[in-house]
>>> print(open('run_28.txt').read())   # compact mmCIF, C-alpha atoms and all ligand atoms
# COMPACT_ATOMS: atom_id res chain seq x y z
CA MET A 1 92.92 127.57 81.54
CA ASP A 2 93.10 130.68 83.70
CA GLN A 3 95.29 132.38 81.14
CA GLN A 4 92.62 132.29 78.49
CA THR A 5 92.26 135.50 76.47
CA ASN A 6 89.63 136.79 74.06
CA LYS A 7 92.03 136.95 71.14
CA PRO A 8 91.88 134.09 68.64
CA LEU A 9 95.25 132.38 68.20
CA VAL A 10 94.15 129.82 65.62
CA GLU A 11 91.13 130.04 63.37
CA VAL A 12 89.76 127.74 60.71
CA ARG A 13 87.13 128.90 58.26
CA HIS A 14 85.10 126.50 56.13
CA LEU A 15 87.80 123.87 56.44
CA LYS A 16 87.35 120.79 54.23
CA GLU A 17 89.52 117.73 53.94
CA TYR A 18 88.46 115.18 51.33
CA PHE A 19 90.47 112.03 50.68
CA ASP A 20 90.31 110.30 47.31
CA VAL A 21 89.33 106.72 47.99
CA THR A 22 89.36 103.97 45.34
CA THR A 23 85.93 102.38 45.07
CA GLY A 24 86.39 100.29 41.93
CA LEU A 25 88.93 99.45 39.28
CA PHE A 26 89.09 102.94 37.79
CA ARG A 27 86.77 104.69 40.15
CA SER A 28 87.44 106.87 43.12
CA LYS A 29 85.23 108.90 45.37
CA PRO A 30 85.94 111.76 47.77
CA LEU A 31 85.73 110.70 51.40
CA LYS A 32 84.61 113.84 53.20
CA ALA A 33 86.55 113.40 56.46
CA VAL A 34 86.08 117.06 57.40
CA ASP A 35 83.30 118.93 55.70
CA ASP A 36 83.03 122.67 56.17
CA VAL A 37 84.12 123.23 59.74
CA SER A 38 84.73 126.71 61.20
CA PHE A 39 85.91 127.64 64.70
CA SER A 40 88.57 129.59 66.56
CA ILE A 41 90.69 128.88 69.62
CA MET A 42 91.64 131.78 71.86
CA ARG A 43 95.20 132.29 73.04
CA GLY A 44 95.66 130.31 76.26
CA GLU A 45 92.44 128.38 75.74
CA THR A 46 91.81 124.63 75.58
CA LEU A 47 89.18 123.65 73.07
CA GLY A 48 88.07 120.06 73.62
CA LEU A 49 87.07 118.19 70.44
CA VAL A 50 84.95 115.08 70.93
CA GLY A 51 83.05 112.55 68.85
CA GLU A 52 83.04 108.85 68.00
CA SER A 53 85.95 107.20 66.29
CA GLY A 54 86.03 108.02 62.55
CA CYS A 55 84.14 111.34 62.81
CA GLY A 56 87.13 113.39 61.63
CA LYS A 57 88.85 114.64 64.81
CA THR A 58 92.38 113.61 63.88
CA THR A 59 91.90 114.95 60.36
CA VAL A 60 90.80 118.34 61.76
CA GLY A 61 93.95 118.42 63.92
CA ARG A 62 96.32 117.35 61.17
CA THR A 63 94.79 119.67 58.57
CA MET A 64 94.91 122.60 61.00
CA LEU A 65 98.65 122.01 61.26
CA HIS A 66 98.99 121.71 57.47
CA LEU A 67 100.15 118.11 57.84
CA TYR A 68 97.45 117.57 55.21
CA LYS A 69 96.86 120.17 52.53
CA PRO A 70 93.31 121.48 53.07
CA THR A 71 90.90 120.63 50.25
CA ALA A 72 89.27 124.00 50.91
CA GLY A 73 89.05 126.66 53.57
CA GLU A 74 91.35 128.95 55.44
CA ILE A 75 93.67 128.58 58.43
CA LEU A 76 94.74 131.72 60.30
CA PHE A 77 97.38 131.91 63.00
CA ASP A 78 97.54 135.04 65.15
CA GLY A 79 95.23 136.74 62.65
CA LYS A 80 97.38 135.97 59.62
CA PRO A 81 96.66 133.41 56.88
CA VAL A 82 98.81 130.30 56.72
CA LYS A 83 98.90 129.28 53.10
CA THR A 84 102.20 129.77 51.28
CA LYS A 85 105.15 127.44 51.79
CA GLN A 86 106.96 130.14 53.74
CA GLU A 87 103.94 130.84 55.96
CA ILE A 88 103.59 127.11 56.66
CA MET A 89 107.30 126.80 57.57
CA GLU A 90 107.02 129.71 60.01
CA TYR A 91 103.75 128.34 61.46
CA ARG A 92 105.42 124.97 62.14
CA LYS A 93 107.75 126.65 64.63
CA HIS A 94 104.71 127.74 66.65
CA ALA A 95 102.32 124.84 66.21
CA THR A 96 102.81 121.13 66.84
CA MET A 97 101.14 117.89 67.77
CA VAL A 98 101.20 115.23 70.49
CA PHE A 99 100.10 111.91 69.03
CA GLN A 100 97.58 109.40 70.26
CA ASP A 101 99.75 106.34 70.52
CA PRO A 102 103.05 106.76 72.33
CA TYR A 103 103.95 103.19 71.34
CA SER A 104 103.97 103.72 67.59
CA SER A 105 104.74 107.45 67.37
CA LEU A 106 108.22 107.22 68.92
CA ASN A 107 111.02 105.43 67.13
CA PRO A 108 112.01 102.59 69.50
CA ARG A 109 115.58 102.58 68.18
CA MET A 110 116.23 106.22 69.05
CA THR A 111 117.39 107.36 72.46
CA VAL A 112 115.16 109.67 74.50
CA SER A 113 117.70 112.42 73.99
CA ASP A 114 117.60 112.07 70.19
CA ILE A 115 113.82 111.88 70.04
CA ILE A 116 113.47 115.09 72.04
CA GLY A 117 116.39 116.73 70.23
CA GLU A 118 115.11 115.96 66.71
CA PRO A 119 112.98 119.12 66.31
CA LEU A 120 115.97 121.15 67.58
CA ASP A 121 118.12 119.47 64.92
CA ILE A 122 115.57 120.09 62.16
CA HIS A 123 115.26 123.78 63.00
CA LYS A 124 118.98 124.14 63.87
CA ALA A 125 117.95 125.61 67.19
CA TYR A 126 121.30 125.48 69.05
CA ALA A 127 124.81 126.84 68.61
CA SER A 128 126.77 124.00 70.19
CA LYS A 129 126.48 120.38 71.30
CA GLU A 130 126.47 121.54 74.92
CA GLU A 131 123.58 123.89 74.28
CA ARG A 132 121.65 121.06 72.61
CA SER A 133 122.18 118.73 75.60
CA ALA A 134 121.25 121.45 78.07
CA LYS A 135 118.00 122.19 76.18
CA ILE A 136 117.10 118.50 76.08
CA LEU A 137 117.67 118.12 79.82
CA GLU A 138 115.55 121.18 80.51
CA LEU A 139 112.72 119.75 78.38
CA MET A 140 112.98 116.43 80.21
CA GLU A 141 112.69 118.23 83.53
CA HIS A 142 109.51 120.01 82.40
CA VAL A 143 107.77 116.67 81.91
CA GLY A 144 109.16 114.96 85.00
CA LEU A 145 111.84 112.80 83.38
CA ASN A 146 115.32 112.77 84.90
CA SER A 147 118.73 112.98 83.27
CA GLU A 148 119.41 109.24 83.61
CA HIS A 149 116.63 108.62 81.12
CA ALA A 150 118.38 110.54 78.33
CA ALA A 151 120.54 107.73 76.95
CA ARG A 152 117.86 105.07 77.16
CA TYR A 153 115.63 103.88 74.32
CA ALA A 154 111.92 104.68 74.00
CA HIS A 155 110.93 101.00 74.06
CA GLU A 156 112.32 100.69 77.61
CA PHE A 157 109.59 102.97 78.95
CA SER A 158 105.98 102.52 80.02
CA GLY A 159 103.14 104.17 78.06
CA GLY A 160 102.90 107.10 80.48
CA GLN A 161 106.65 107.74 80.36
CA ARG A 162 106.61 107.50 76.57
CA GLN A 163 103.86 110.08 76.38
CA ARG A 164 106.05 112.35 78.55
CA ILE A 165 108.83 111.91 76.00
CA GLY A 166 106.37 112.81 73.21
CA ILE A 167 105.28 115.92 75.11
CA ALA A 168 108.89 117.02 75.76
CA ARG A 169 109.52 116.65 72.04
CA ALA A 170 106.44 118.75 71.23
CA LEU A 171 107.70 121.48 73.59
CA ALA A 172 111.16 121.61 72.01
CA MET A 173 110.54 124.66 69.81
CA ASN A 174 108.59 126.60 72.47
CA PRO A 175 105.30 126.26 70.61
CA ASP A 176 102.23 128.42 71.22
CA PHE A 177 99.71 125.91 69.96
CA ILE A 178 99.57 122.12 70.43
CA VAL A 179 97.09 119.68 68.92
CA CYS A 180 96.80 116.95 71.56
CA ASP A 181 95.31 114.00 69.65
CA GLU A 182 93.78 111.67 72.23
CA PRO A 183 97.04 111.83 74.18
CA VAL A 184 95.79 109.66 77.05
CA SER A 185 93.48 107.15 75.38
CA ALA A 186 96.25 104.55 74.93
CA LEU A 187 97.30 104.89 78.59
CA ASP A 188 96.15 103.01 81.69
CA VAL A 189 93.17 104.72 83.29
CA SER A 190 95.20 104.99 86.51
CA ILE A 191 97.72 107.37 84.92
CA GLN A 192 95.43 109.30 82.57
CA ALA A 193 94.63 111.95 85.19
CA GLN A 194 98.34 112.44 85.94
CA VAL A 195 99.14 113.10 82.30
CA ILE A 196 96.14 115.42 81.86
CA ASN A 197 97.28 117.37 84.92
CA MET A 198 100.69 117.68 83.37
CA PHE A 199 99.17 119.15 80.19
CA TYR A 200 97.34 121.64 82.39
CA GLU A 201 100.45 122.61 84.37
CA LEU A 202 102.48 123.05 81.19
CA GLN A 203 99.74 125.24 79.79
CA GLN A 204 99.88 127.46 82.89
CA LYS A 205 103.66 127.63 82.79
CA PHE A 206 104.08 128.39 79.10
CA GLY A 207 100.75 130.02 78.16
CA LEU A 208 99.98 127.20 75.72
CA THR A 209 96.86 126.92 73.59
CA TYR A 210 95.43 123.43 73.02
CA LEU A 211 93.09 121.62 70.71
CA PHE A 212 92.48 118.64 72.97
CA ILE A 213 90.94 115.68 71.15
CA ALA A 214 89.16 112.81 72.91
CA HIS A 215 86.37 110.40 72.10
CA ASP A 216 85.29 110.50 75.72
CA LEU A 217 83.65 113.59 77.21
CA LEU A 218 84.95 112.75 80.69
CA VAL A 219 88.56 113.12 79.60
CA VAL A 220 88.17 116.67 78.30
CA ARG A 221 85.81 117.87 80.99
CA HIS A 222 88.30 119.41 83.38
CA ILE A 223 90.90 120.67 80.97
CA SER A 224 88.60 122.32 78.40
CA ASN A 225 87.29 125.87 78.42
CA ARG A 226 84.97 125.11 75.53
CA ILE A 227 83.97 121.86 73.88
CA ALA A 228 83.16 121.11 70.26
CA VAL A 229 81.26 117.98 69.23
CA MET A 230 81.76 116.43 65.78
CA TYR A 231 79.68 113.90 63.90
CA LEU A 232 80.56 112.50 60.48
CA GLY A 233 82.89 115.29 59.40
CA LYS A 234 80.69 118.12 60.65
CA MET A 235 80.60 120.15 63.80
CA VAL A 236 77.21 119.72 65.48
CA GLU A 237 77.64 121.68 68.73
CA LEU A 238 80.13 124.06 70.36
CA ALA A 239 79.78 125.79 73.73
CA ASP A 240 81.46 126.52 77.05
CA ALA A 241 82.42 123.27 78.77
CA ALA A 242 80.01 123.77 81.69
CA GLU A 243 77.18 124.77 79.35
CA ILE A 244 77.58 121.68 77.19
CA TYR A 245 77.64 119.42 80.27
CA GLU A 246 74.62 121.01 81.85
CA HIS A 247 72.54 121.92 78.79
CA PRO A 248 73.57 119.95 75.73
CA LEU A 249 71.13 120.92 72.98
CA HIS A 250 71.99 118.63 70.07
CA PRO A 251 70.58 115.08 70.28
CA TYR A 252 74.03 113.64 69.56
CA SER A 253 75.69 115.64 72.37
CA LYS A 254 72.85 114.56 74.65
CA SER A 255 73.59 110.93 73.84
CA LEU A 256 77.29 111.43 74.56
CA MET A 257 76.36 113.15 77.82
CA SER A 258 73.99 110.42 78.87
CA ALA A 259 76.94 108.02 78.75
CA VAL A 260 78.78 110.16 81.33
CA PRO A 261 77.89 109.68 84.99
CA VAL A 262 76.46 112.99 86.21
CA PRO A 263 76.81 113.55 89.96
CA ASP A 264 74.04 116.16 90.13
CA PRO A 265 70.62 114.39 90.00
CA LYS A 266 68.86 117.59 88.86
CA ILE A 267 71.09 117.83 85.80
CA ALA A 268 70.79 114.10 85.24
CA ARG A 269 66.98 114.42 85.19
CA GLU A 270 67.05 117.37 82.79
CA ASN A 271 69.30 115.58 80.32
CA LYS A 272 66.87 113.31 78.58
CA ARG A 273 68.60 109.99 78.09
CA ILE A 274 69.25 109.12 74.49
CA VAL A 275 70.74 105.75 73.77
CA LEU A 276 71.93 105.51 70.19
CA THR A 277 71.31 102.49 68.06
CA GLY A 278 73.29 101.57 64.95
CA ASP A 279 76.77 102.55 63.87
CA ILE A 280 78.08 105.80 62.57
CA PRO A 281 77.56 105.70 58.75
CA SER A 282 80.59 105.67 56.46
CA PRO A 283 81.56 109.16 55.31
CA LEU A 284 81.64 107.64 51.80
CA ASN A 285 77.87 107.15 52.02
CA ALA A 286 76.83 109.99 54.27
CA PRO A 287 73.06 110.50 54.67
CA SER A 288 71.43 113.42 52.85
CA GLY A 289 70.50 116.45 54.95
CA CYS A 290 71.48 116.15 58.60
CA PRO A 291 74.32 113.62 58.96
CA PHE A 292 72.86 112.39 62.28
CA ARG A 293 69.37 111.65 60.95
CA THR A 294 69.83 107.87 60.57
CA ARG A 295 70.38 107.57 64.33
CA CYS A 296 68.37 110.49 65.60
CA PRO A 297 65.14 109.68 67.44
CA TYR A 298 63.74 113.10 66.43
CA ALA A 299 64.49 112.94 62.69
CA SER A 300 61.73 114.36 60.45
CA GLU A 301 61.34 114.80 56.71
CA GLU A 302 63.03 118.17 56.81
CA CYS A 303 66.09 116.52 58.35
CA ALA A 304 66.51 114.32 55.26
CA CYS A 305 66.14 117.26 52.88
CA SER A 306 68.45 119.92 54.19
CA MET A 307 71.58 120.23 56.26
CA PRO A 308 70.83 122.30 59.38
CA GLU A 309 72.86 125.48 59.69
CA PHE A 310 75.47 125.65 62.47
CA LYS A 311 74.21 128.73 64.28
CA GLU A 312 74.48 130.59 67.57
CA VAL A 313 71.37 129.90 69.65
CA ARG A 314 72.58 131.32 72.97
CA LYS A 315 75.61 133.52 73.53
CA GLY A 316 78.63 131.48 72.44
CA HIS A 317 76.53 128.31 72.05
CA PHE A 318 76.40 126.98 68.48
CA VAL A 319 74.26 124.07 67.31
CA ALA A 320 73.28 122.48 63.99
CA CYS A 321 69.78 121.02 64.34
CA HIS A 322 66.39 121.79 62.72
CA ARG A 323 64.29 120.73 65.67
CA LEU A 324 65.85 122.33 68.73
CA ALA A 325 62.55 123.81 69.90
CA GLU A 326 60.77 120.42 69.89
CA ILE A 327 63.66 118.56 71.49
CA ASN A 328 64.67 120.93 74.28
N1 LIG A 401 94.75 109.36 54.98
C1 LIG A 401 93.48 108.97 54.82
N2 LIG A 401 93.02 108.49 53.64
C2 LIG A 401 91.73 108.12 53.49
N3 LIG A 401 90.80 108.18 54.46
C3 LIG A 401 91.19 108.66 55.65
C4 LIG A 401 92.55 109.07 55.91
N4 LIG A 401 92.63 109.50 57.20
C5 LIG A 401 91.39 109.35 57.72
N5 LIG A 401 90.54 108.85 56.81
C6 LIG A 401 89.10 108.60 57.00
O1 LIG A 401 88.52 109.83 57.39
C7 LIG A 401 87.53 109.65 58.39
C8 LIG A 401 87.91 110.45 59.63
O2 LIG A 401 89.07 109.85 60.22
P1 LIG A 401 89.79 110.45 61.50
O3 LIG A 401 90.04 111.90 61.27
O4 LIG A 401 90.96 109.60 61.77
O5 LIG A 401 88.68 110.28 62.62
P2 LIG A 401 88.82 110.26 64.22
O6 LIG A 401 90.13 110.84 64.58
O7 LIG A 401 87.65 111.07 64.71
O8 LIG A 401 88.70 108.82 64.62
C9 LIG A 401 87.46 108.15 58.62
O9 LIG A 401 86.41 107.65 57.83
C10 LIG A 401 88.79 107.65 58.14
O10 LIG A 401 88.69 106.32 57.67
S1 LIG A 402 68.40 118.06 62.35
FE1 LIG A 402 66.91 116.41 62.61
S2 LIG A 402 68.07 114.52 62.41
FE2 LIG A 402 69.52 116.18 62.74
S3 LIG A 402 69.86 116.18 64.93
FE3 LIG A 402 68.25 117.65 64.55
S4 LIG A 402 66.34 116.50 64.74
FE4 LIG A 402 67.98 114.98 64.57
MG MG A 403 91.68 110.03 65.73
>>> encode(input="run_28.txt", output="structure tokens")
Amino acid sequence: MDQQTNKPLVEVRHLKEYFDVTTGLFRSKPLKAVDDVSFSIMRGETLGLVGESGCGKTTVGRTMLHLYKPTAGEILFDGKPVKTKQEIMEYRKHATMVFQDPYSSLNPRMTVSDIIGEPLDIHKAYASKEERSAKILELMEHVGLNSEHAARYAHEFSGGQRQRIGIARALAMNPDFIVCDEPVSALDVSIQAQVINMFYELQQKFGLTYLFIAHDLLVVRHISNRIAVMYLGKMVELADAAEIYEHPLHPYSKSLMSAVPVPDPKIARENKRIVLTGDIPSPLNAPSGCPFRTRCPYASEECACSMPEFKEVRKGHFVACHRLAEIN
């Protein structure tokens, strides 16, 4: 966090990811999982990405890494576009992902050593067997695993230990950028803080840049420099972490905030409580205009007619809402 710079490492511009979904015998419809999202992450920064399940967080992360081909939009790494096959191959050496569920993302029939060594094998990143083993042991040390664990199988470990294995694997190619997709939400609450601290320490040690995804604002609070809030495939607010905690401007961010216990009563009073009713609509039948309007207590006619622009309303604070003046 302290190593944050002002130079963007990864940028996405007007990113869209639409999935073709069958809706009838010969009919299909685009499911707009990510719909025109733009942001950048500075080198050394952690950008927290939050929103309810199904709002498109994982798809943003996967598309940013070119694990899905973007439907539209640009991805830039270190100022250069990542588009051609060759550019994508090169980018993959620098950018990787830690998955949400350490139970299903690690092959239970592989040893810890082979799981961590797999990226080294794929990229032929060693000259001898000895060098491979030494690299694997070093990676295990970085995440607090010891050498006796190397020959054991992933299924023998607890969730927290498995996530350490997943993180060691992600570090194998000395990446610059890691998409951390809800890396602690499958873990016991008692060990979540430990694993988050480890992400932070690794960031300090290796100058890593993170997109840190969570559905819970509390999880990203301490690790994030800035926080972005998504709703139904769109970004609705983005600001410095402290700013978004103390002065959330979008009604959806306010509702997420009001679910978080705030220790400061002054801030708690200022954040008008908004308790949402109803479920998040399906992205296959997204509302016209503002995607949040079916659950927003402030929705007006204008909100049904046009999509509010995502614009900067204070320095570095972006929001998409027509009625900020009335609400705040
Ligand atoms: N491979 C896919 N094919 C079709 N629909 C998908 C696919 N992946 C995700 N979706 C849909 O896209 C939307 C966003 O999903 P996702 O990015 O996983 O959200 P989140 O990570 O915020 O829970 C959801 O409606 C989900 O059902
Ligand atoms: S644009 Fe309208 S519906 Fe959307 S968040 Fe703002 S007030 Fe609510
Ligand atoms: Mg997800």
>>> closest_residue(input="run_28.txt", among="A:Ala325, A:Leu217, A:Ala168, A:Ala125", to="Ser185 of chain A", atoms="all atoms listed in the file")
A:Leu217
>>> residues_around(input="run_28.txt", residues="Ile88 of chain A", least_positions_apart="5", cutoff="10 Å", atoms="only C-alpha atoms", output="ChimeraX atom specification")
/A:65-67,81-83,93,95
>>> residues_near_ligand(input="run_28.txt", ligand="ligand MG 403 (chain A)", cutoff="8 Å", atoms="all atoms listed in the file", output="PyMOL selection string")
chain A and resi 53-54+56-59+100+181-182+213
>>> residues_near_ligand(input="run_28.txt", ligand="ligand LIG 402 (chain A)", cutoff="9 Å", atoms="only C-alpha atoms and all ligand atoms", output="PyMOL selection string")
chain A and resi 236+250-252+289-304+306-308+320-324+326-327
>>> residues_near_ligand(input="run_28.txt", ligand="ligand LIG 401 (chain A)", cutoff="10 Å", atoms="all atoms listed in the file", output="ChimeraX atom specification")
/A:17-22,30-34,49-63,68,100,181-182,213-215,230-233,280-284
>>> residues_around(input="run_28.txt", residues="His317 of chain A", least_positions_apart="4", cutoff="12 Å", atoms="all atoms listed in the file", output="PyMOL selection string")
chain A and resi 39+226-229+236-244+247-250+310-313
>>> residues_around(input="run_28.txt", residues="segment 196-210 of chain A", least_positions_apart="2", cutoff="7 Å", atoms="all atoms listed in the file", output="VMD selection string")
chain A and resid 3 43 to 47 176 to 180 192 to 194 212 223
>>> residues_around(input="run_28.txt", residues="Met64 of chain A", least_positions_apart="5", cutoff="9 Å", atoms="all atoms listed in the file", output="VMD selection string")
chain A and resid 10 to 12 15 59 70 75 179
>>> closest_residue(input="run_28.txt", among="A:Ser38, A:Ser105, A:Glu90, A:Ala172", to="His142 of chain A", atoms="all atoms listed in the file")
A:Ala172
>>> residues_around(input="run_28.txt", residues="Gly144 of chain A", least_positions_apart="5", cutoff="9 Å", atoms="only C-alpha atoms", output="ChimeraX atom specification")
/A:139,161,164
>>> atom_distance(input="run_28.txt", atom1="atom CA of Leu145 of chain A", atom2="atom CA of Ser224 of chain A")
25.6 Å
>>> atom_distance(input="run_28.txt", atom1="atom CA of Ser158 of chain A", atom2="atom CA of Ile116 of chain A")
16.7 Å
>>> atom_distance(input="run_28.txt", atom1="atom CA of Asp35 of chain A", atom2="atom CA of Tyr245 of chain A")
25.2 Å
